[in-house]
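Colleague: There's a structure below that I have some questions on.
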Amino acid sequence: MDQRSGDGGTARSAGTPVLVAVAIGMGALISVQSRVSAALADETDVYNAGWVTAMTGAVILAVILLVAPRTRRGFGRLRAGLRARTLPWWALLGGLGGMFFVVAQGTAASVLGLALFSMAVVAGQVVGGLVFDSLGAAGGGRRRPTTLRVLGSVLAIAAVSWGALGGGEGDLDVLLLVLAFAAGVGLAGAAGLTGRVQAASRSVVTTAMTNHLLGLTVIVLIVLALLPTGSSGFRLPSSPWLYLGASSARSASRSARSSSVRSGCCSWGSGWSRGS
(Lines give C-alpha, C1' and ligand atoms only; values in the text may rest on other atoms or scores of the structure.)
Protein backbone atom coordinates (compact mmCIF):
# COMPACT_ATOMS: atom_id res chain seq x y z
CA MET A 1 0.00 0.00 0.00
CA ASP A 2 2.75 2.38 0.96
CA GLN A 3 4.82 1.38 -2.03
CA ARG A 4 1.96 2.07 -4.43
CA SER A 5 1.37 5.43 -2.82
CA GLY A 6 5.02 6.30 -3.13
CA ASP A 7 5.14 5.30 -6.79
CA GLY A 8 2.05 7.37 -7.50
CA GLY A 9 3.59 10.38 -5.78
CA THR A 10 6.80 9.95 -7.78
CA ALA A 11 4.91 9.70 -11.06
CA ARG A 12 2.86 12.75 -10.20
CA SER A 13 5.97 14.73 -9.32
CA ALA A 14 7.67 13.66 -12.54
CA GLY A 15 4.66 14.71 -14.58
CA THR A 16 4.28 18.11 -12.94
CA PRO A 17 7.03 19.87 -15.01
CA VAL A 18 5.32 18.67 -18.20
CA LEU A 19 1.96 19.99 -17.03
CA VAL A 20 3.48 23.33 -16.08
CA ALA A 21 5.10 23.46 -19.54
CA VAL A 22 1.64 22.91 -21.04
CA ALA A 23 0.31 25.77 -18.93
CA ILE A 24 3.13 28.02 -20.19
CA GLY A 25 2.20 27.26 -23.78
CA MET A 26 -1.44 27.91 -22.93
CA GLY A 27 -0.48 31.31 -21.54
CA ALA A 28 1.12 32.21 -24.85
CA LEU A 29 -2.04 31.20 -26.73
CA ILE A 30 -4.25 33.25 -24.42
CA SER A 31 -2.00 36.27 -24.95
CA VAL A 32 -2.69 35.93 -28.67
CA GLN A 33 -6.38 35.65 -27.91
CA SER A 34 -6.23 38.86 -25.84
CA ARG A 35 -4.84 40.78 -28.79
CA VAL A 36 -7.43 39.38 -31.20
CA SER A 37 -10.35 39.92 -28.81
CA ALA A 38 -9.31 43.54 -28.24
CA ALA A 39 -9.16 44.15 -31.99
CA LEU A 40 -12.57 42.57 -32.49
CA ALA A 41 -14.07 44.62 -29.66
CA ASP A 42 -12.67 47.79 -31.25
CA GLU A 43 -14.38 46.85 -34.52
CA THR A 44 -17.76 46.18 -32.87
CA ASP A 45 -18.15 45.88 -29.10
CA VAL A 46 -17.06 43.55 -26.30
CA TYR A 47 -20.23 41.47 -26.29
CA ASN A 48 -20.10 40.88 -30.02
CA ALA A 49 -16.46 39.85 -29.54
CA GLY A 50 -17.55 37.36 -26.90
CA TRP A 51 -20.26 35.98 -29.18
CA VAL A 52 -17.89 35.52 -32.11
CA THR A 53 -15.31 33.79 -29.90
CA ALA A 54 -17.81 31.36 -28.36
CA MET A 55 -19.56 30.75 -31.69
CA THR A 56 -16.33 30.02 -33.57
CA GLY A 57 -15.11 27.66 -30.87
CA ALA A 58 -18.44 25.82 -30.81
CA VAL A 59 -18.39 25.39 -34.60
CA ILE A 60 -14.85 23.98 -34.52
CA LEU A 61 -15.81 21.53 -31.78
CA ALA A 62 -19.02 20.54 -33.57
CA VAL A 63 -16.99 19.61 -36.65
CA ILE A 64 -14.75 17.43 -34.49
CA LEU A 65 -17.80 15.72 -33.01
CA LEU A 66 -19.12 14.99 -36.50
CA VAL A 67 -15.92 13.52 -37.89
CA ALA A 68 -14.98 11.61 -34.72
CA PRO A 69 -18.06 9.77 -33.41
CA ARG A 70 -16.13 8.28 -30.47
CA THR A 71 -15.86 11.74 -28.92
CA ARG A 72 -19.63 11.79 -28.41
CA ARG A 73 -19.38 9.07 -25.78
CA GLY A 74 -18.12 11.69 -23.37
CA PHE A 75 -21.60 13.22 -23.14
CA GLY A 76 -23.00 9.88 -22.00
CA ARG A 77 -20.37 9.62 -19.27
CA LEU A 78 -21.11 13.21 -18.30
CA ARG A 79 -24.83 12.49 -17.92
CA ALA A 80 -24.06 9.38 -15.92
CA GLY A 81 -21.83 11.36 -13.56
CA LEU A 82 -24.55 13.96 -13.03
CA ARG A 83 -27.20 11.32 -12.36
CA ALA A 84 -24.95 9.46 -9.93
CA ARG A 85 -24.01 12.81 -8.33
CA THR A 86 -20.32 11.99 -8.62
CA LEU A 87 -20.13 15.20 -10.64
CA PRO A 88 -21.84 18.21 -9.02
CA TRP A 89 -24.04 20.26 -11.36
CA TRP A 90 -22.15 23.44 -10.56
CA ALA A 91 -19.02 21.96 -12.12
CA LEU A 92 -20.66 22.68 -15.50
CA LEU A 93 -20.43 26.43 -14.86
CA GLY A 94 -16.76 26.67 -15.84
CA GLY A 95 -17.73 28.25 -19.15
CA LEU A 96 -18.92 31.36 -17.31
CA GLY A 97 -15.40 32.13 -16.12
CA GLY A 98 -14.06 31.81 -19.65
CA MET A 99 -16.76 34.05 -21.10
CA PHE A 100 -16.18 36.69 -18.42
CA PHE A 101 -12.50 36.62 -19.34
CA VAL A 102 -13.31 37.18 -23.03
CA VAL A 103 -15.48 40.19 -22.17
CA ALA A 104 -12.76 41.56 -19.88
CA GLN A 105 -10.22 41.14 -22.68
CA GLY A 106 -12.26 43.22 -25.08
CA THR A 107 -12.92 45.84 -22.43
CA ALA A 108 -9.50 46.26 -20.83
CA ALA A 109 -6.71 44.82 -22.99
CA SER A 110 -6.65 47.59 -25.59
CA VAL A 111 -6.72 50.32 -22.92
CA LEU A 112 -4.24 48.86 -20.45
CA GLY A 113 -2.01 47.20 -23.01
CA LEU A 114 -1.30 43.48 -23.06
CA ALA A 115 1.44 43.70 -20.41
CA LEU A 116 -0.63 45.48 -17.75
CA PHE A 117 -3.69 43.40 -18.60
CA SER A 118 -1.71 40.17 -18.30
CA MET A 119 -0.17 41.33 -15.01
CA ALA A 120 -3.59 41.86 -13.43
CA VAL A 121 -4.98 38.60 -14.83
CA VAL A 122 -2.01 36.60 -13.55
CA ALA A 123 -2.34 38.17 -10.11
CA GLY A 124 -6.01 37.16 -10.05
CA GLN A 125 -5.20 33.64 -11.24
CA VAL A 126 -2.53 33.08 -8.63
CA VAL A 127 -4.57 34.47 -5.74
CA GLY A 128 -7.69 32.66 -6.92
CA GLY A 129 -5.67 29.50 -7.51
CA LEU A 130 -4.43 29.44 -3.93
CA VAL A 131 -8.00 29.79 -2.65
CA PHE A 132 -9.52 27.25 -5.03
CA ASP A 133 -6.72 24.76 -4.38
CA SER A 134 -7.35 24.99 -0.66
CA LEU A 135 -11.03 24.23 -1.34
CA GLY A 136 -10.23 21.32 -3.66
CA ALA A 137 -12.08 22.94 -6.59
CA ALA A 138 -10.17 20.95 -9.21
CA GLY A 139 -11.31 17.64 -7.73
CA GLY A 140 -7.78 16.35 -7.10
CA GLY A 141 -7.91 16.87 -3.35
CA ARG A 142 -7.23 19.95 -1.28
CA ARG A 143 -3.81 21.56 -1.60
CA ARG A 144 -2.79 23.67 1.37
CA PRO A 145 -1.08 27.00 0.58
CA THR A 146 2.39 25.95 1.74
CA THR A 147 5.22 28.41 2.10
CA LEU A 148 6.84 27.29 -1.16
CA ARG A 149 3.59 27.61 -3.10
CA VAL A 150 2.93 31.07 -1.74
CA LEU A 151 6.54 32.13 -2.40
CA GLY A 152 6.39 30.77 -5.95
CA SER A 153 3.15 32.63 -6.56
CA VAL A 154 4.60 35.88 -5.24
CA LEU A 155 7.66 35.49 -7.48
CA ALA A 156 5.44 34.83 -10.50
CA ILE A 157 3.42 37.99 -9.81
CA ALA A 158 6.59 39.99 -9.21
CA ALA A 159 8.16 38.83 -12.48
CA VAL A 160 5.12 39.71 -14.56
CA SER A 161 4.60 43.00 -12.69
CA TRP A 162 8.20 44.06 -13.26
CA GLY A 163 7.92 43.41 -16.97
CA ALA A 164 4.55 45.12 -17.27
CA LEU A 165 5.37 48.28 -15.31
CA GLY A 166 8.78 48.55 -16.94
CA GLY A 167 7.30 48.41 -20.43
CA GLY A 168 5.55 51.76 -20.09
CA GLU A 169 2.65 50.78 -22.39
CA GLY A 170 -1.03 51.42 -21.86
CA ASP A 171 -2.84 53.59 -19.34
CA LEU A 172 -3.06 52.85 -15.65
CA ASP A 173 -6.82 52.56 -15.13
CA VAL A 174 -7.52 51.15 -11.67
CA LEU A 175 -11.05 49.98 -12.44
CA LEU A 176 -9.91 48.11 -15.53
CA LEU A 177 -7.08 46.56 -13.54
CA VAL A 178 -9.65 45.33 -11.01
CA LEU A 179 -11.72 43.94 -13.87
CA ALA A 180 -8.69 42.08 -15.25
CA PHE A 181 -7.86 40.78 -11.76
CA ALA A 182 -11.42 39.48 -11.37
CA ALA A 183 -11.14 37.83 -14.79
CA GLY A 184 -8.02 36.05 -13.58
CA VAL A 185 -9.83 34.78 -10.49
CA GLY A 186 -12.60 33.56 -12.77
CA LEU A 187 -10.08 31.73 -14.97
CA ALA A 188 -8.61 29.96 -11.97
CA GLY A 189 -12.04 28.80 -10.87
CA ALA A 190 -12.96 27.79 -14.43
CA ALA A 191 -9.80 25.69 -14.68
CA GLY A 192 -10.77 23.76 -11.56
CA LEU A 193 -14.35 23.17 -12.72
CA THR A 194 -13.16 22.18 -16.18
CA GLY A 195 -10.88 19.61 -14.57
CA ARG A 196 -13.84 18.04 -12.78
CA VAL A 197 -15.86 17.83 -15.99
CA GLN A 198 -12.90 16.32 -17.84
CA ALA A 199 -12.45 13.69 -15.15
CA ALA A 200 -16.11 12.69 -15.50
CA SER A 201 -16.41 12.78 -19.30
CA ARG A 202 -12.87 11.60 -20.13
CA SER A 203 -13.21 13.57 -23.36
CA VAL A 204 -11.45 16.83 -24.15
CA VAL A 205 -13.99 17.68 -26.84
CA THR A 206 -16.97 17.04 -24.54
CA THR A 207 -15.45 19.23 -21.84
CA ALA A 208 -14.66 22.06 -24.24
CA MET A 209 -18.06 21.86 -25.93
CA THR A 210 -19.82 22.02 -22.56
CA ASN A 211 -17.94 25.21 -21.68
CA HIS A 212 -18.48 26.77 -25.10
CA LEU A 213 -22.21 26.05 -25.20
CA LEU A 214 -22.75 27.61 -21.78
CA GLY A 215 -20.67 30.65 -22.66
CA LEU A 216 -22.41 31.00 -26.04
CA THR A 217 -25.86 30.80 -24.43
CA VAL A 218 -25.05 33.48 -21.88
CA ILE A 219 -23.46 35.89 -24.36
CA VAL A 220 -26.31 35.46 -26.87
CA LEU A 221 -28.83 36.36 -24.16
CA ILE A 222 -26.79 39.45 -23.28
CA VAL A 223 -26.55 40.57 -26.92
CA LEU A 224 -30.31 40.05 -27.40
CA ALA A 225 -31.01 42.09 -24.27
CA LEU A 226 -28.79 44.92 -25.56
CA LEU A 227 -30.21 45.06 -29.09
CA PRO A 228 -32.75 47.80 -28.21
CA THR A 229 -29.88 49.98 -26.95
CA GLY A 230 -28.24 50.08 -30.38
CA SER A 231 -25.49 47.56 -29.74
CA SER A 232 -23.53 45.94 -32.57
CA GLY A 233 -25.63 42.81 -32.33
CA PHE A 234 -24.48 39.65 -34.09
CA ARG A 235 -21.86 40.94 -36.50
CA LEU A 236 -19.17 38.76 -38.03
CA PRO A 237 -15.58 40.04 -38.25
CA SER A 238 -14.51 41.66 -41.49
CA SER A 239 -11.00 40.18 -41.31
CA PRO A 240 -10.41 36.41 -41.22
CA TRP A 241 -7.55 36.74 -38.71
CA LEU A 242 -10.01 37.96 -36.08
CA TYR A 243 -11.39 34.43 -35.86
CA LEU A 244 -8.04 33.29 -34.46
CA GLY A 245 -9.04 34.32 -30.93
CA ALA A 246 -11.53 31.48 -30.62
CA SER A 247 -9.05 28.98 -32.03
CA SER A 248 -6.49 30.04 -29.43
CA ALA A 249 -9.07 29.84 -26.65
CA ARG A 250 -10.11 26.33 -27.70
CA SER A 251 -6.51 25.11 -27.75
CA ALA A 252 -5.93 26.65 -24.33
CA SER A 253 -9.03 25.03 -22.84
CA ARG A 254 -7.87 21.62 -24.08
CA SER A 255 -4.71 21.86 -22.00
CA ALA A 256 -6.33 23.47 -18.95
CA ARG A 257 -8.30 20.41 -17.95
CA SER A 258 -5.35 18.11 -17.16
CA SER A 259 -3.04 20.84 -15.89
CA SER A 260 -5.54 22.08 -13.30
CA VAL A 261 -6.42 18.62 -11.96
CA ARG A 262 -2.88 17.29 -11.61
CA SER A 263 -0.82 20.36 -10.79
CA GLY A 264 -3.54 22.44 -9.13
CA CYS A 265 -5.12 25.77 -10.00
CA CYS A 266 -2.25 27.72 -8.49
CA SER A 267 0.49 25.94 -10.44
CA TRP A 268 -1.61 26.30 -13.55
CA GLY A 269 -1.86 30.06 -12.98
CA SER A 270 1.86 30.37 -12.32
CA GLY A 271 2.64 28.55 -15.54
CA TRP A 272 0.22 30.82 -17.38
CA SER A 273 2.17 33.83 -16.12
CA ARG A 274 5.37 32.54 -17.74
CA GLY A 275 3.61 32.03 -21.05
CA SER A 276 2.16 35.54 -20.92
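Letters A, B, ... mark the chains of the C-alpha coordinates in the order given; residue numbers begin at 1 per chain; ligand numbers begin at 1, in order shown.
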Using only C-alpha atoms, tabulate the residues of range 35-109 of chain A lying at most 6 Å from any atom of range 199-206 of chain A, each with its closest atom pair and that distance in Å to one decimal, by chain and increasing residue number, as a tab-separated table.
Modeller:
residue	atom	partner	partner_atom	distance
A:Gly74	CA	A:Ser201	CA	4.5
A:Arg77	CA	A:Ser201	CA	5.1
A:Leu78	CA	A:Ser201	CA	4.8
Colleague: Could you take the residues named above and write them with C-alpha atoms, as a PDB file, in the first residue's frame?
Modeller:
ATOM      1  CA  GLY A  74     -18.123  11.687 -23.367  1.00  0.00           C
ATOM      2  CA  ARG A  77     -20.375   9.616 -19.273  1.00  0.00           C
ATOM      3  CA  LEU A  78     -21.105  13.209 -18.300  1.00  0.00           C
TER       4      LEU A  78
END
Colleague: Rounded to one decimal in Å, what is the spacing between CA of Thr146 in chain A and CA of Leu96 in chain A?
Modeller: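 Atom-to-atom, CA of Thr146 in chain A and CA of Leu96 in chain A are spaced 29.1 Å apart.
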Colleague: For CA of Gly192 in chain A and CA of Gly129 in chain A, determine how far apart the two atoms are, in Å to one decimal place.
Modeller: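 Interatomic distance, CA of Gly192 in chain A to CA of Gly129 in chain A: 8.7 Å.
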Colleague: Skip range 210-224 of chain A itself and residues of its chain fewer than 5 positions away, then list as a ChimeraX atom specification all residues within 8 Å of it, counting only C-alpha atoms.
Modeller: /A:47-48,50-51,54-55,57-58,92-96,98-99,194,231,233-234
Colleague: Per DSSP on the backbone, what are the helix (DSSP H, G or I) residues of range 66-213 of chain A, as a ChimeraX atom specification?
Modeller: /A:66-67,69-83,89-112,114-135,147-167,174-201,204-213
Colleague: Leaving out Val178 in chain A and any residue of its chain fewer than 6 positions from it, which residues lie within 10 Å of it when counting only C-alpha atoms, given as a list in words?
Modeller: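 Within the cut-off, the hits are Ala108, Phe117, Ala120, Val121, Gly124 and Gly184 of chain A.
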Colleague: Produce a file of the selected residues containing N, CA, C and O atoms, as a CSV table (one decimal), in the first residue's frame.
Modeller:
chain,number,residue,atom,x,y,z
A,108,ALA,N,-10.7,45.7,-21.5
A,108,ALA,CA,-9.5,46.3,-20.8
A,108,ALA,C,-8.2,46.1,-21.6
A,108,ALA,O,-7.3,47.0,-21.4
A,117,PHE,N,-2.5,44.3,-18.7
A,117,PHE,CA,-3.7,43.4,-18.6
A,117,PHE,C,-3.3,42.0,-18.1
A,117,PHE,O,-3.9,41.4,-17.2
A,120,ALA,N,-2.4,41.9,-14.3
A,120,ALA,CA,-3.6,41.9,-13.4
A,120,ALA,C,-4.3,40.5,-13.5
A,120,ALA,O,-4.7,40.0,-12.5
A,121,VAL,N,-4.4,39.9,-14.7
A,121,VAL,CA,-5.0,38.6,-14.8
A,121,VAL,C,-4.2,37.5,-14.1
A,121,VAL,O,-4.7,36.7,-13.4
A,124,GLY,N,-4.7,37.8,-10.4
A,124,GLY,CA,-6.0,37.2,-10.0
A,124,GLY,C,-6.0,35.6,-10.1
A,124,GLY,O,-6.5,35.0,-9.2
A,184,GLY,N,-9.0,37.1,-13.9
A,184,GLY,CA,-8.0,36.1,-13.6
A,184,GLY,C,-8.5,35.1,-12.5
A,184,GLY,O,-8.3,33.9,-12.6
Colleague: Go through A:Ala84, A:Ala39, A:Val127, A:Val67 and flag the residue nearest Ala188 in chain A, using only C-alpha atoms for the distances.
Modeller: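 Under the stated criterion, the closest residue is A:Val127.
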Colleague: Have a look at CA of Ala182 in chain A and CA of Ile157 in chain A and let me know their distance in Å, one decimal.
Modeller: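 Separation between CA of Ala182 in chain A and CA of Ile157 in chain A: 15.0 Å.
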Colleague: Nearest residue to Met209 in chain A out of A:Val197, A:Pro69, A:Ala180, A:Arg149, using only C-alpha atoms?
Modeller: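 Nearest candidate to Met209 in chain A out of A:Val197, A:Pro69, A:Ala180, A:Arg149: A:Val197.
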Colleague: Given only C-alpha atoms as the basis, pick out the residue of A:Gly81, A:Gly97, A:Gly76, A:Pro88 nearest to Gly186 in chain A.
Modeller: A:Gly97
